[in-house]
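**Student:** File follows, query-v4.txt with compact mmCIF, C-alpha atoms:
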# COMPACT_ATOMS: atom_id res chain seq x y z
CA MET A 1 -11.00 38.46 -66.45
CA THR A 2 -7.67 36.65 -65.99
CA PRO A 3 -8.26 32.88 -66.12
CA ILE A 4 -6.97 30.62 -63.34
CA ARG A 5 -4.11 28.49 -64.65
CA PHE A 6 -1.38 26.10 -63.56
CA SER A 7 2.24 27.08 -63.98
CA PRO A 8 4.30 24.00 -62.93
CA SER A 9 7.51 25.71 -64.12
CA SER A 10 7.18 28.04 -61.08
CA LEU A 11 8.39 25.16 -58.91
CA LYS A 12 11.78 25.43 -60.64
CA GLU A 13 12.15 28.99 -59.30
CA GLY A 14 12.40 27.63 -55.76
CA ARG A 15 15.60 26.39 -54.14
CA TRP A 16 15.62 23.09 -52.23
CA TYR A 17 16.30 24.79 -48.90
CA GLU A 18 13.21 26.99 -49.34
CA TYR A 19 11.03 23.85 -49.37
CA VAL A 20 12.87 22.55 -46.29
CA VAL A 21 12.23 25.88 -44.50
CA ARG A 22 8.53 25.73 -45.34
CA PHE A 23 8.28 22.10 -44.18
CA ALA A 24 10.06 22.97 -40.92
CA LEU A 25 7.87 26.06 -40.37
CA GLY A 26 4.69 24.07 -41.01
CA GLY A 27 5.82 21.35 -38.62
CA ALA A 28 6.89 23.89 -35.99
CA ALA A 29 3.55 25.78 -36.23
CA THR A 30 1.65 22.50 -35.72
CA VAL A 31 3.83 21.53 -32.73
CA PHE A 32 3.47 25.06 -31.29
CA THR A 33 -0.35 24.88 -31.60
CA GLY A 34 -0.32 21.54 -29.77
CA LEU A 35 1.85 22.97 -26.99
CA VAL A 36 -0.37 26.05 -26.59
CA SER A 37 -3.49 23.85 -26.45
CA SER A 38 -2.02 21.56 -23.79
CA HIS A 39 -0.85 24.49 -21.61
CA TYR A 40 -3.64 27.05 -22.06
CA GLY A 41 -6.60 24.93 -23.18
CA ALA A 42 -8.49 24.27 -26.41
CA SER A 43 -9.90 27.79 -26.80
CA VAL A 44 -6.55 29.60 -26.81
CA GLY A 45 -4.95 26.77 -28.82
CA GLY A 46 -7.73 27.04 -31.40
CA LEU A 47 -6.76 30.64 -32.19
CA PHE A 48 -3.35 29.42 -33.34
CA LEU A 49 -4.92 27.12 -35.95
CA ALA A 50 -5.16 30.35 -37.99
CA LEU A 51 -1.67 31.63 -37.14
CA PRO A 52 -0.15 33.35 -40.22
CA ALA A 53 3.32 31.80 -39.67
CA ILE A 54 3.25 30.09 -43.05
CA PHE A 55 2.10 33.26 -44.76
CA CYS A 56 5.23 35.08 -43.49
CA ALA A 57 7.42 32.47 -45.21
CA SER A 58 5.35 32.41 -48.43
CA ALA A 59 5.28 36.20 -48.84
CA THR A 60 9.03 36.43 -48.22
CA LEU A 61 9.71 33.71 -50.81
CA ILE A 62 7.44 35.36 -53.39
CA GLU A 63 9.26 38.66 -52.90
CA LYS A 64 12.64 36.92 -53.19
CA HIS A 65 11.66 35.13 -56.43
CA GLU A 66 10.44 38.39 -58.03
CA ILE A 67 13.62 40.23 -57.03
CA ARG A 68 15.77 37.37 -58.38
CA LYS A 69 13.86 37.40 -61.70
CA LYS A 70 14.26 41.19 -62.06
CA ARG A 71 17.95 41.08 -61.11
CA GLU A 72 18.56 38.47 -63.80
CA ALA A 73 17.01 40.97 -66.23
CA GLY A 74 19.35 43.68 -64.91
CA LEU A 75 16.72 45.57 -62.87
CA ALA A 76 16.49 46.32 -59.13
CA GLY A 77 13.19 44.50 -58.52
CA GLU A 78 12.59 45.47 -54.85
CA ARG A 79 9.38 47.37 -55.65
CA ARG A 80 8.10 44.57 -57.91
CA GLY A 81 8.86 42.06 -55.15
CA GLN A 82 6.83 44.06 -52.61
CA GLN A 83 3.93 44.34 -55.06
CA ALA A 84 3.94 40.57 -55.68
CA ALA A 85 3.89 39.94 -51.92
CA ALA A 86 1.05 42.48 -51.54
CA LEU A 87 -0.97 40.61 -54.20
CA ASP A 88 -0.40 37.40 -52.25
CA ALA A 89 -1.68 39.21 -49.12
CA ILE A 90 -4.89 40.19 -50.96
CA GLY A 91 -5.42 36.52 -51.80
CA ALA A 92 -4.77 35.58 -48.18
CA THR A 93 -7.41 38.11 -47.04
CA LEU A 94 -9.98 36.34 -49.20
CA GLY A 95 -8.64 32.91 -48.19
CA ALA A 96 -9.14 33.88 -44.54
CA LEU A 97 -12.88 34.22 -45.26
CA GLY A 98 -12.75 30.64 -46.52
CA MET A 99 -10.90 29.64 -43.36
CA LEU A 100 -13.67 31.25 -41.31
CA ALA A 101 -16.21 29.12 -43.21
CA PHE A 102 -14.05 26.02 -42.61
CA ALA A 103 -13.95 26.66 -38.86
CA ALA A 104 -17.70 27.40 -38.61
CA VAL A 105 -18.73 24.31 -40.59
CA PHE A 106 -16.26 22.08 -38.70
CA TRP A 107 -17.54 23.40 -35.35
CA LEU A 108 -21.15 22.65 -36.32
CA THR A 109 -20.56 19.16 -37.76
CA VAL A 110 -17.62 17.50 -35.97
CA GLU A 111 -19.68 16.02 -33.16
CA SER A 112 -22.03 14.25 -35.57
CA SER A 113 -19.49 12.90 -38.07
CA VAL A 114 -15.70 13.33 -38.04
CA LEU A 115 -15.03 12.38 -41.67
CA GLY A 116 -18.08 14.32 -42.81
CA ALA A 117 -16.85 17.40 -40.87
CA PHE A 118 -13.44 17.32 -42.57
CA ALA A 119 -15.00 16.83 -46.01
CA VAL A 120 -17.77 19.45 -45.72
CA ALA A 121 -15.51 22.02 -44.00
CA SER A 122 -12.83 21.64 -46.71
CA ILE A 123 -15.46 22.09 -49.44
CA ALA A 124 -16.76 25.18 -47.58
CA TRP A 125 -13.21 26.62 -47.43
CA LEU A 126 -12.66 26.11 -51.16
CA ALA A 127 -16.11 27.36 -52.20
CA VAL A 128 -16.04 30.53 -50.06
CA SER A 129 -12.41 31.37 -50.98
CA VAL A 130 -12.99 30.95 -54.73
CA ALA A 131 -16.35 32.80 -54.58
CA ALA A 132 -14.73 35.72 -52.70
CA TRP A 133 -11.88 35.84 -55.23
CA CYS A 134 -14.31 35.79 -58.20
CA ALA A 135 -16.48 38.51 -56.59
CA ARG A 136 -13.41 40.73 -56.10
CA ARG A 137 -12.30 40.23 -59.73
CA LYS A 138 -15.79 41.04 -60.99
CA THR A 139 -16.03 44.20 -58.85
CA ARG A 140 -12.64 45.37 -60.09
CA ALA A 141 -13.58 44.64 -63.73
CA VAL A 142 -16.84 46.63 -63.40
CA ARG A 143 -15.00 49.53 -61.71
CA SER A 144 -12.24 49.68 -64.33
CA SER A 145 -14.71 49.47 -67.26
CA GLY A 146 -16.73 52.31 -65.64
CA ALA A 147 -13.57 54.41 -65.35
CA THR A 148 -12.65 53.68 -68.98
CA ARG A 149 -16.15 54.70 -70.12
CA ARG A 150 -15.97 57.93 -68.08
CA ASN A 151 -12.56 58.75 -69.56
CA SER A 152 -13.64 58.07 -73.15
CA GLY A 153 -16.89 60.03 -72.52
CA SER A 154 -15.01 63.11 -71.37
CA ALA A 155 -12.62 62.75 -74.34
CA THR A 156 -15.59 62.60 -76.75
CA SER A 157 -17.24 65.68 -75.20
CA ARG A 158 -13.93 67.50 -75.43
CA SER A 159 -13.60 66.59 -79.12
CA HIS A 160 -17.26 67.68 -79.78
CA SER A 161 -16.72 71.01 -78.06
CA GLY A 162 -13.60 71.46 -80.19
CA LEU A 163 -15.57 71.06 -83.46
CA MET B 1 7.37 12.95 -27.53
CA THR B 2 6.12 10.65 -30.31
CA GLU B 3 2.97 12.78 -30.54
CA TYR B 4 5.02 15.90 -31.23
CA VAL B 5 7.14 14.12 -33.87
CA ILE B 6 3.92 13.03 -35.60
CA ARG B 7 2.57 16.59 -35.31
CA PHE B 8 5.76 17.98 -36.86
CA LEU B 9 5.79 15.54 -39.80
CA LEU B 10 2.05 15.80 -40.46
CA GLY B 11 2.04 19.60 -40.17
CA GLY B 12 5.11 19.96 -42.39
CA THR B 13 3.62 17.69 -45.05
CA VAL B 14 0.17 19.35 -45.17
CA VAL B 15 1.61 22.89 -45.11
CA SER B 16 4.15 22.06 -47.86
CA ALA B 17 1.43 20.48 -50.03
CA PHE B 18 -0.78 23.61 -49.84
CA ALA B 19 2.24 25.90 -50.33
CA MET B 20 3.33 24.01 -53.48
CA LEU B 21 -0.23 24.17 -54.81
CA GLY B 22 -0.11 27.93 -54.26
CA ASP B 23 3.26 28.09 -56.07
CA ILE B 24 1.95 26.55 -59.28
CA LEU B 25 -1.31 28.51 -59.47
CA ARG B 26 -1.71 31.82 -61.29
CA PRO B 27 -2.70 34.66 -61.03
CA LYS B 28 -0.85 35.53 -57.81
CA SER B 29 -3.92 36.85 -55.99
CA PHE B 30 -5.60 33.45 -56.56
CA ALA B 31 -2.50 31.60 -55.37
CA GLY B 32 -2.65 33.77 -52.23
CA LEU B 33 -5.86 31.94 -51.24
CA PHE B 34 -3.64 28.97 -50.41
CA GLY B 35 -1.58 31.14 -48.05
CA ALA B 36 -4.67 31.11 -45.83
CA ALA B 37 -5.50 27.43 -46.32
CA PRO B 38 -6.44 25.59 -43.12
CA SER B 39 -3.29 23.43 -43.38
CA VAL B 40 -2.21 23.60 -39.71
CA ALA B 41 -5.86 23.09 -38.73
CA LEU B 42 -6.22 19.92 -40.83
CA ALA B 43 -3.17 18.37 -39.15
CA THR B 44 -4.01 19.57 -35.61
CA LEU B 45 -7.74 18.85 -35.57
CA GLY B 46 -7.16 15.24 -36.69
CA ILE B 47 -4.80 14.65 -33.77
CA ALA B 48 -7.14 16.52 -31.37
CA ILE B 49 -10.06 14.24 -32.28
CA TYR B 50 -7.90 11.11 -31.89
CA ARG B 51 -6.59 12.18 -28.46
CA HIS B 52 -9.43 14.17 -26.89
CA GLY B 53 -12.59 13.54 -28.93
CA GLY B 54 -14.96 15.63 -31.04
CA GLY B 55 -15.97 18.06 -28.27
CA TYR B 56 -12.39 19.27 -27.84
CA ALA B 57 -11.95 19.73 -31.60
CA ALA B 58 -15.26 21.62 -31.73
CA LEU B 59 -14.00 24.02 -29.05
CA GLN B 60 -10.76 24.53 -30.98
CA SER B 61 -12.56 25.18 -34.25
CA ARG B 62 -14.87 27.70 -32.53
CA SER B 63 -11.82 29.71 -31.44
CA MET B 64 -10.32 29.23 -34.88
CA MET B 65 -13.13 31.45 -36.20
CA ALA B 66 -11.66 34.35 -34.20
CA GLY B 67 -8.19 33.45 -35.50
CA ALA B 68 -9.49 33.46 -39.10
CA ILE B 69 -11.05 36.94 -38.71
CA ALA B 70 -7.72 38.10 -37.24
CA LEU B 71 -5.92 36.53 -40.22
CA SER B 72 -8.11 38.53 -42.59
CA VAL B 73 -7.27 41.78 -40.74
CA TYR B 74 -3.60 40.75 -40.64
CA SER B 75 -3.47 40.22 -44.43
CA VAL B 76 -5.05 43.65 -45.08
CA VAL B 77 -2.47 45.25 -42.76
CA VAL B 78 0.41 43.42 -44.54
CA CYS B 79 -0.90 44.54 -47.95
CA HIS B 80 -1.14 48.21 -46.86
CA VAL B 81 2.28 48.17 -45.17
CA LEU B 82 3.90 46.69 -48.30
CA VAL B 83 2.23 49.14 -50.67
CA ARG B 84 2.34 52.33 -48.59
CA ALA B 85 5.29 52.01 -46.18
CA ARG B 86 7.33 50.17 -48.84
CA ILE B 87 9.17 47.95 -46.39
CA ARG B 88 10.35 44.42 -47.21
CA ALA B 89 8.04 41.40 -46.89
CA LEU B 90 9.74 39.78 -43.88
CA PRO B 91 9.57 42.80 -41.51
CA ALA B 92 6.08 43.67 -42.82
CA THR B 93 4.69 40.18 -42.13
CA VAL B 94 6.41 39.92 -38.74
CA LEU B 95 5.33 43.41 -37.55
CA ALA B 96 1.74 42.79 -38.61
CA LEU B 97 1.64 39.75 -36.29
CA ALA B 98 0.90 42.28 -33.52
CA ALA B 99 -2.39 43.09 -35.30
CA TRP B 100 -3.21 39.37 -35.52
CA LEU B 101 -2.57 38.84 -31.81
CA VAL B 102 -4.65 41.89 -30.77
CA VAL B 103 -7.64 40.99 -32.97
CA ALA B 104 -7.52 37.24 -32.20
CA PHE B 105 -7.29 37.61 -28.42
CA GLY B 106 -9.68 40.59 -28.46
CA LEU B 107 -12.36 38.51 -30.21
CA LEU B 108 -11.74 35.55 -27.90
CA PHE B 109 -12.13 37.86 -24.90
CA LEU B 110 -15.34 39.38 -26.32
CA ALA B 111 -16.73 35.91 -26.96
CA GLY B 112 -15.93 34.96 -23.36
CA GLY B 113 -13.46 32.25 -24.42
CA GLN B 114 -13.36 29.23 -22.12
CA THR B 115 -10.26 27.11 -21.67
What does the file become when written as structure tokens?
**Tutor:**
Amino acid sequence: MTPIRFSPSSLKEGRWYEYVVRFALGGAATVFTGLVSSHYGASVGGLFLALPAIFCASATLIEKHEIRKKREAGLAGERRGQQAAALDAIGATLGALGMLAFAAVFWLTVESSVLGAFAVASIAWLAVSVAAWCARRKTRAVRSSGATRRNSGSATSRSHSGL
Amino acid sequence: MTEYVIRFLLGGTVVSAFAMLGDILRPKSFAGLFGAAPSVALATLGIAIYRHGGGYAALQSRSMMAGAIALSVYSVVVCHVLVRARIRALPATVLALAAWLVVAFGLLFLAGGQT
């Protein structure tokens, strides 16, 4: 199982304007959510708290970084870039489950304690996201070891039948 | 006006912080968890409580549950489009927004969303 690790050098791959774009997109998404809430009410506005605007920017940047890395090595890199963005999307699928937990816990607790709601909902987001990620890794590891065993089993039977 | 400037700065800061955290984490699928972090929600819900109270924020977070389910569907669609249709990330993520809108508003409609 691949361990979770920090790679601070990845920050050097980004250009300054990419961080500005992300800041601006984050700010714009928050302003947009506020505008929707004030025009169409809290229910419709609440939907946009989970708007994937930031994900669009992140996936595009990840693809760009992979392509840049491959081009520096003299390769095309488009396919690798798409695969890296697809991996990010898998993570976002699992993170969305955490976001669902965040929203549910916040909804249930905010009227009793505001600070408590933020704290408990954030913990719920982190716990559910990480648990979903670990469960997916484990399932994949079990599946791939089963496939390896099946392959080696059929190779052994083939070698026995050849004796 | 001041409220929207505060929203912009707060939203930009929280989103950038989560995005940078995602940048430095490996493997990539784990970093992707931060692509679905409740960053806009953290900034917006704080302001909602300050301006309208806990009841308003509770209503927003209830709808956010539908948005989160839609986000999950959206991410699956993006992943499949990238792997199978082999189109670039920007058009894939923008086109898949249609799936997010359909699922999010569909769930809100089914739940009898009140405004």
**Student:** List every protein, DNA or RNA residue that has at least one atom no more than 8 Å from (-2.1, 24.4, -37.1) in the file's coordinates, counting all atoms listed in the file, and write the result as number ranges by chain.
**Tutor:** A: 26, 29-31, 33, 48-51; B: 11, 38-44
**Student:** Give me, as CSV, the closest atom pair and its distance (Å, one decimal) for every residue of chain A within a cut-off of 6 Å of chain B, counting all atoms listed in the file, rows sorted by chain and rising number.
**Tutor:**
residue,atom,partner,partner_atom,distance
A:Ile4,CA,B:Arg26,CA,5.8
A:Arg5,CA,B:Arg26,CA,5.3
A:Phe6,CA,B:Leu25,CA,4.7
A:Ser7,CA,B:Ile24,CA,4.7
A:Pro8,CA,B:Ile24,CA,5.0
A:Ser10,CA,B:Ile24,CA,5.7
A:Phe23,CA,B:Gly12,CA,4.2
A:Ala24,CA,B:Gly12,CA,6.0
A:Gly26,CA,B:Gly12,CA,4.4
A:Gly27,CA,B:Phe8,CA,3.8
A:Thr30,CA,B:Gly11,CA,5.3
A:Val31,CA,B:Arg7,CA,5.7
A:Gly41,CA,B:Thr115,CA,4.5
A:Ala42,CA,B:Gln60,CA,5.1
A:Ser43,CA,B:Thr115,CA,5.2
A:Gly46,CA,B:Gln60,CA,4.0
A:Leu47,CA,B:Gly67,CA,4.6
A:Leu49,CA,B:Ala41,CA,5.0
A:Ala50,CA,B:Gly67,CA,5.0
A:Phe55,CA,B:Gly35,CA,5.4
A:Cys56,CA,B:Thr93,CA,5.3
A:Thr60,CA,B:Ala89,CA,5.2
A:Gln82,CA,B:Leu82,CA,5.8
A:Ala86,CA,B:Cys79,CA,4.6
A:Leu87,CA,B:Ser29,CA,5.1
A:Asp88,CA,B:Gly32,CA,4.3
A:Ala89,CA,B:Ser75,CA,5.1
A:Gly91,CA,B:Gly32,CA,3.9
A:Ala92,CA,B:Leu33,CA,4.9
A:Thr93,CA,B:Ser72,CA,4.5
A:Gly95,CA,B:Leu33,CA,4.2
A:Ala96,CA,B:Ser72,CA,5.1
A:Met99,CA,B:Ala68,CA,5.9
A:Leu100,CA,B:Met65,CA,5.1
A:Ala103,CA,B:Ser61,CA,5.0
A:Trp107,CA,B:Ala58,CA,4.6
A:Val110,CA,B:Gly54,CA,5.9
A:Glu111,CA,B:Gly54,CA,5.2
**Student:** Between atom CA of A:Phe106 and atom CA of A:Ala119, what distance in Å does the model show, to one decimal?
**Tutor:** 9.1 Å
**Student:** I'd like the interatomic distance between atom CA of B:Val103 and atom CA of A:Val128, to a tenth of an Å.
**Tutor:**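 We find that atom CA of B:Val103 and atom CA of A:Val128 lie 21.7 Å from each other.
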**Student:** At what distance in Å, to one decimal, does atom CA of A:Ser122 lie from atom CA of A:Gln83?
**Tutor:**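 A separation of 29.4 Å between them.
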**Student:** Which polymer residues have any atom within 9 Å of an atom of A:Lys69, counting all atoms listed in the file, with same-chain residues fewer than 6 positions away left out, as a ChimeraX atom specification?
**Tutor:** /A:13,75,77
